[in-house]
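> Below you'll find start.cif; it's mmCIF, C-alpha atoms and all ligand atoms.
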data_target
loop_
_atom_site.label_atom_id
_atom_site.label_comp_id
_atom_site.auth_asym_id
_atom_site.auth_seq_id
_atom_site.Cartn_x
_atom_site.Cartn_y
_atom_site.Cartn_z
CA MET V 24 1.38 -9.09 17.97
CA HIS V 25 3.74 -6.13 17.64
CA TYR V 26 2.65 -2.65 18.74
CA ASP V 27 5.29 -1.02 16.55
CA GLU V 28 4.84 -3.13 13.44
CA ARG V 29 5.55 -1.30 10.19
CA THR V 30 3.78 -1.89 6.90
CA PHE V 31 4.33 -0.67 3.35
CA VAL V 32 1.45 1.01 1.49
CA MET V 33 1.28 2.75 -1.88
CA VAL V 34 -1.41 4.87 -3.54
CA LYS V 35 -1.45 3.66 -7.14
CA PRO V 36 -1.50 6.00 -10.19
CA ASP V 37 -5.32 5.98 -10.36
CA GLY V 38 -5.56 7.05 -6.72
CA VAL V 39 -3.06 9.87 -7.24
CA GLN V 40 -4.84 11.08 -10.40
CA ARG V 41 -8.20 11.07 -8.62
CA GLY V 42 -6.90 13.11 -5.69
CA LEU V 43 -7.33 10.36 -3.10
CA ILE V 44 -3.95 10.68 -1.33
CA GLY V 45 -5.36 12.90 1.42
CA GLU V 46 -8.42 10.72 1.98
CA ILE V 47 -6.28 7.61 2.26
CA ILE V 48 -3.82 9.23 4.67
CA SER V 49 -6.75 10.41 6.80
CA ARG V 50 -8.17 6.91 7.06
CA PHE V 51 -4.92 5.49 8.43
CA GLU V 52 -4.41 8.47 10.75
CA ASP V 53 -7.98 8.15 12.04
CA ARG V 54 -7.36 4.46 12.68
CA GLY V 55 -4.52 5.40 15.06
CA LEU V 56 -1.61 4.42 12.84
CA LYS V 57 1.54 6.55 12.73
CA LEU V 58 3.11 7.74 9.45
CA VAL V 59 6.85 7.01 9.51
CA GLY V 60 7.72 7.49 5.83
CA ALA V 61 6.23 9.02 2.68
CA LYS V 62 7.41 9.72 -0.83
CA ALA V 63 5.91 10.68 -4.20
CA LEU V 64 7.62 9.20 -7.24
CA THR V 65 7.05 7.68 -10.66
CA LEU V 66 8.20 4.07 -10.96
CA ASP V 67 10.34 2.95 -13.88
CA GLU V 68 9.97 -0.55 -15.27
CA GLU V 69 12.89 -1.89 -13.24
CA LEU V 70 11.61 -0.65 -9.89
CA ALA V 71 8.06 -1.76 -10.70
CA SER V 72 9.23 -5.26 -11.63
CA GLU V 73 11.22 -5.48 -8.41
CA HIS V 74 8.23 -4.37 -6.36
CA TYR V 75 5.91 -6.89 -8.02
CA SER V 76 8.56 -9.63 -8.43
CA GLU V 77 6.19 -12.21 -6.88
CA HIS V 78 3.91 -11.84 -9.93
CA GLN V 79 6.61 -12.21 -12.59
CA GLY V 80 5.49 -14.69 -15.26
CA LYS V 81 1.75 -14.36 -14.53
CA ASP V 82 -0.52 -13.38 -17.41
CA PHE V 83 -1.47 -10.03 -15.83
CA PHE V 84 2.15 -9.05 -15.08
CA ASP V 85 2.78 -6.85 -18.16
CA ASP V 86 -0.51 -4.98 -17.71
CA LEU V 87 0.27 -4.51 -14.02
CA ILE V 88 3.69 -3.02 -14.80
CA ASP V 89 2.24 -0.76 -17.53
CA PHE V 90 -0.36 0.52 -15.11
CA ILE V 91 1.87 1.04 -12.09
CA THR V 92 4.45 2.96 -14.20
CA SER V 93 1.78 5.09 -15.94
CA GLY V 94 1.97 8.01 -13.50
CA PRO V 95 3.10 9.09 -10.03
CA VAL V 96 2.48 6.90 -7.00
CA PHE V 97 2.57 7.82 -3.32
CA ALA V 98 4.55 5.37 -1.16
CA MET V 99 4.18 5.26 2.62
CA VAL V 100 5.17 3.29 5.68
CA TRP V 101 2.65 3.14 8.56
CA GLU V 102 3.33 1.92 12.08
CA GLY V 103 1.02 0.49 14.73
CA LYS V 104 -0.35 -2.59 16.42
CA ASP V 105 -0.78 -5.47 14.00
CA ALA V 106 -0.36 -2.85 11.24
CA THR V 107 0.04 -5.16 8.24
CA ARG V 108 -3.11 -7.14 8.87
CA GLN V 109 -5.14 -4.10 9.94
CA VAL V 110 -4.14 -2.10 6.85
CA ARG V 111 -5.07 -5.01 4.59
CA ARG V 112 -8.49 -5.15 6.26
CA MET V 113 -8.94 -1.43 5.62
CA VAL V 114 -7.76 -1.80 1.99
CA GLY V 115 -10.22 -4.63 1.24
CA ALA V 116 -10.30 -7.40 -1.34
CA THR V 117 -8.13 -7.18 -4.47
CA ASP V 118 -11.17 -6.91 -6.78
CA PRO V 119 -13.16 -3.78 -5.87
CA GLY V 120 -16.30 -5.59 -7.01
CA GLU V 121 -15.78 -8.00 -4.13
CA ALA V 122 -14.38 -5.51 -1.61
CA ALA V 123 -16.72 -4.63 1.24
CA PRO V 124 -18.18 -1.12 1.38
CA GLY V 125 -16.23 0.87 3.95
CA THR V 126 -12.92 -0.48 2.73
CA ILE V 127 -10.75 1.76 0.54
CA ARG V 128 -11.16 -0.46 -2.53
CA GLY V 129 -14.84 -1.05 -1.76
CA ASP V 130 -15.46 2.70 -1.63
CA TYR V 131 -13.14 3.95 -4.41
CA GLY V 132 -11.89 1.06 -6.56
CA LEU V 133 -13.13 0.66 -10.14
CA ASP V 134 -11.85 -2.72 -11.27
CA LEU V 135 -9.13 -5.31 -10.67
CA GLY V 136 -6.48 -3.12 -12.31
CA ARG V 137 -7.62 0.27 -11.04
CA ASN V 138 -7.94 -0.66 -7.38
CA VAL V 139 -6.42 2.54 -5.99
CA ILE V 140 -3.96 1.20 -3.43
CA HIS V 141 -1.32 -1.42 -2.75
CA ALA V 142 -0.59 -2.84 0.69
CA SER V 143 1.92 -5.49 1.74
CA ASP V 144 0.52 -8.98 2.10
CA HIS V 145 0.21 -10.00 5.77
CA GLU V 146 0.42 -13.66 4.76
CA ASP V 147 3.80 -13.14 3.09
CA GLU V 148 6.33 -12.94 5.94
CA GLY V 149 9.08 -11.01 4.11
CA ALA V 150 6.85 -8.72 2.04
CA ASN V 151 7.04 -5.60 4.21
CA ALA V 152 10.81 -5.54 4.53
CA ARG V 153 11.31 -6.38 0.86
CA GLU V 154 8.86 -3.80 -0.48
CA THR V 155 9.92 -1.07 1.95
CA SER V 156 13.55 -1.48 0.90
CA VAL V 157 12.59 -1.05 -2.77
CA PHE V 158 11.24 2.43 -1.98
CA PHE V 159 13.01 3.71 1.14
CA ASP V 160 16.52 3.85 2.59
CA ASP V 161 16.62 3.20 6.35
CA ASP V 162 17.43 6.85 7.07
CA GLU V 163 14.29 7.98 5.24
CA LEU V 164 12.07 6.35 7.87
CA LEU V 165 11.23 8.26 11.03
CA ASN V 166 11.42 7.30 14.69
CA TYR V 167 9.37 9.70 16.78
CA GLU V 168 6.98 9.95 19.67
CA GLN V 169 3.53 11.43 19.24
CA ALA V 170 1.87 13.25 22.13
CA THR V 171 -1.09 10.93 21.66
CA ASP V 172 0.95 7.71 21.76
CA LYS V 173 -0.12 6.77 25.28
CA TRP V 174 -3.75 6.90 24.18
CA ARG V 175 -3.27 4.55 21.24
CA TYR V 176 -0.80 1.87 20.18
P1 LIG H 201 -1.53 -5.36 -4.35
O1 LIG H 201 -0.35 -6.28 -4.31
O2 LIG H 201 -1.49 -4.39 -5.51
O3 LIG H 201 -1.75 -4.67 -3.02
O4 LIG H 201 -2.86 -6.21 -4.55
P2 LIG H 201 -3.25 -7.55 -3.84
O5 LIG H 201 -2.16 -7.98 -2.88
O6 LIG H 201 -4.61 -7.38 -3.27
O7 LIG H 201 -3.33 -8.55 -5.05
P3 LIG H 201 -2.15 -9.36 -5.76
O8 LIG H 201 -2.59 -10.75 -5.91
O9 LIG H 201 -0.84 -9.09 -5.09
O10 LIG H 201 -2.12 -8.71 -7.21
C1 LIG H 201 -1.41 -7.52 -7.48
C2 LIG H 201 -2.23 -6.63 -8.39
O11 LIG H 201 -2.30 -7.23 -9.68
C3 LIG H 201 -3.56 -6.99 -10.26
N1 LIG H 201 -4.17 -8.26 -10.57
N2 LIG H 201 -4.72 -8.53 -11.73
N3 LIG H 201 -6.19 -11.70 -12.60
C4 LIG H 201 -5.81 -10.47 -12.79
O12 LIG H 201 -5.99 -9.88 -13.82
C5 LIG H 201 -5.15 -9.79 -11.68
N4 LIG H 201 -4.90 -10.30 -10.50
C6 LIG H 201 -4.26 -9.32 -9.80
C7 LIG H 201 -4.39 -6.21 -9.27
O13 LIG H 201 -4.32 -4.81 -9.62
C8 LIG H 201 -3.68 -6.44 -7.95
O14 LIG H 201 -3.84 -5.35 -7.07
MG MG H 202 -0.14 -8.13 -3.39
#
Could you quickly redo this structure as structure tokens?
Ligand code: RTP
Ligand code: MG

Amino acid sequence: MHYDERTFVMVKPDGVQRGLIGEIISRFEDRGLKLVGAKALTLDEELASEHYSEHQGKDFFDDLIDFITSGPVFAMVWEGKDATRQVRRMVGATDPGEAAPGTIRGDYGLDLGRNVIHASDHEDEGANARETSVFFDDDELLNYEQATDKWRY
């Protein structure tokens, strides 16, 4: 269990279009996580394929790439205790129809494609480092103390 674990998260084009960036940031802030990187951008096909390289060859891959390149996304890195697993719990199941109410996908997701948010897989050991490096250079990530740090992670 690492208190300063970092995890990669991205609001997908549907979440950006629906104005959910602020709501999603608030949820992670309220949970006591620390924002150490953020960036708005539109993915091209190459970057999108690199990000979702684990799904190359699957039947939903082309639709996934079309969707994720269809408009701006909002990429972030959050830091905190057990951050990868805790963020995944807050994000909820892949299919919003199965995601529990109270999770981001359970509250806002529409369907398997339009599920609002991506988060690195806590069961895939290298996912965070790999995905973070697709979006951020090392010097774009912050190291800072928050006044509230001693009260949280
Ligand atoms: P993500 O990577 O986007 O955070 O989602 P996830 O880990 O919960 O799910 P993953 O298995 O990595 O799938 C990536 C995205 O592909 C779409 N998908 N479509 N059978 C299908 O049609 C299918 N399966 C997955 C979803 O949008 C999912 O978020
Ligand atoms: Mg995934």
> Could you list, as a list in words, all residues that come within 7 Å of ligand LIG 201 (chain H)? Count all atoms listed in the file.
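The neighbouring residues of ligand LIG 201 (chain H) are, in order, Phe83, Leu87, Ala116, Thr117, Leu135, Gly136, Arg137, Asn138, Ile140, His141, Ala142, Ser143 and Asp144 of chain V.
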> I need every residue sitting at most 7 Å from the point (4.0, 3.4, 5.3) (coordinates as in the file, only C-alpha atoms considered), written as a PDB file with C-alpha atoms, in the coordinates of the input.

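Once everything was written out, this is selection00.pdb:
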ATOM      1  CA  ARG V  29       5.550  -1.300  10.190  1.00  0.00           C
ATOM      2  CA  THR V  30       3.780  -1.890   6.900  1.00  0.00           C
ATOM      3  CA  PHE V  31       4.330  -0.670   3.350  1.00  0.00           C
ATOM      4  CA  VAL V  32       1.450   1.010   1.490  1.00  0.00           C
ATOM      5  CA  LEU V  58       3.110   7.740   9.450  1.00  0.00           C
ATOM      6  CA  VAL V  59       6.850   7.010   9.510  1.00  0.00           C
ATOM      7  CA  GLY V  60       7.720   7.490   5.830  1.00  0.00           C
ATOM      8  CA  ALA V  61       6.230   9.020   2.680  1.00  0.00           C
ATOM      9  CA  ALA V  98       4.550   5.370  -1.160  1.00  0.00           C
ATOM     10  CA  MET V  99       4.180   5.260   2.620  1.00  0.00           C
ATOM     11  CA  VAL V 100       5.170   3.290   5.680  1.00  0.00           C
ATOM     12  CA  TRP V 101       2.650   3.140   8.560  1.00  0.00           C
ATOM     13  CA  GLU V 102       3.330   1.920  12.080  1.00  0.00           C
TER      14      GLU V 102
END
> Distance cut-off 12 Å, centre (-5.2, 10.5, -0.1) in file coordinates, counting all atoms listed in the file: which residues qualify? Return them as a ChimeraX atom specification.
/V:32-52,61,63,96-99,127,131,139-140
> Suppose you want the space between CA of His78 (chain V) and CA of Glu148 (chain V); what is it in Å?
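Interatomic distance, CA of His78 (chain V) to CA of Glu148 (chain V): 16.1 Å.
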> Quick one: pull the distance between CA of Phe90 (chain V) and CA of Gly115 (chain V), Å, one decimal.
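It comes out at 19.8 Å.
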> What's the separation between CA of Arg111 (chain V) and CA of Arg54 (chain V), in Å to one decimal place?
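Result for CA of Arg111 (chain V) versus CA of Arg54 (chain V): 12.7 Å, one decimal.
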> Give me the residues near Ser76 (chain V) as a PyMOL selection string, where near means some atom within 12 Å (using only C-alpha atoms) and where sequence neighbours in that chain fewer than 5 positions away do not count.
chain V and resi 68-71+81+84-85+87-88+150+153-154+157
> Pick the closest to Tyr26 (chain V) from V:Gln169, V:Met113, V:Ser93, V:Tyr176: which is it, counting all atoms listed in the file?
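Looking only at the distances to Tyr26 (chain V), the closest residue turns out to be V:Tyr176.
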> Given the choices V:Asp82, V:Phe159, V:Lys57, V:Glu146, which gets closest to Arg108 (chain V) if the distance is worked out from all atoms listed in the file?
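Closest to Arg108 (chain V) of all the choices is V:Glu146.
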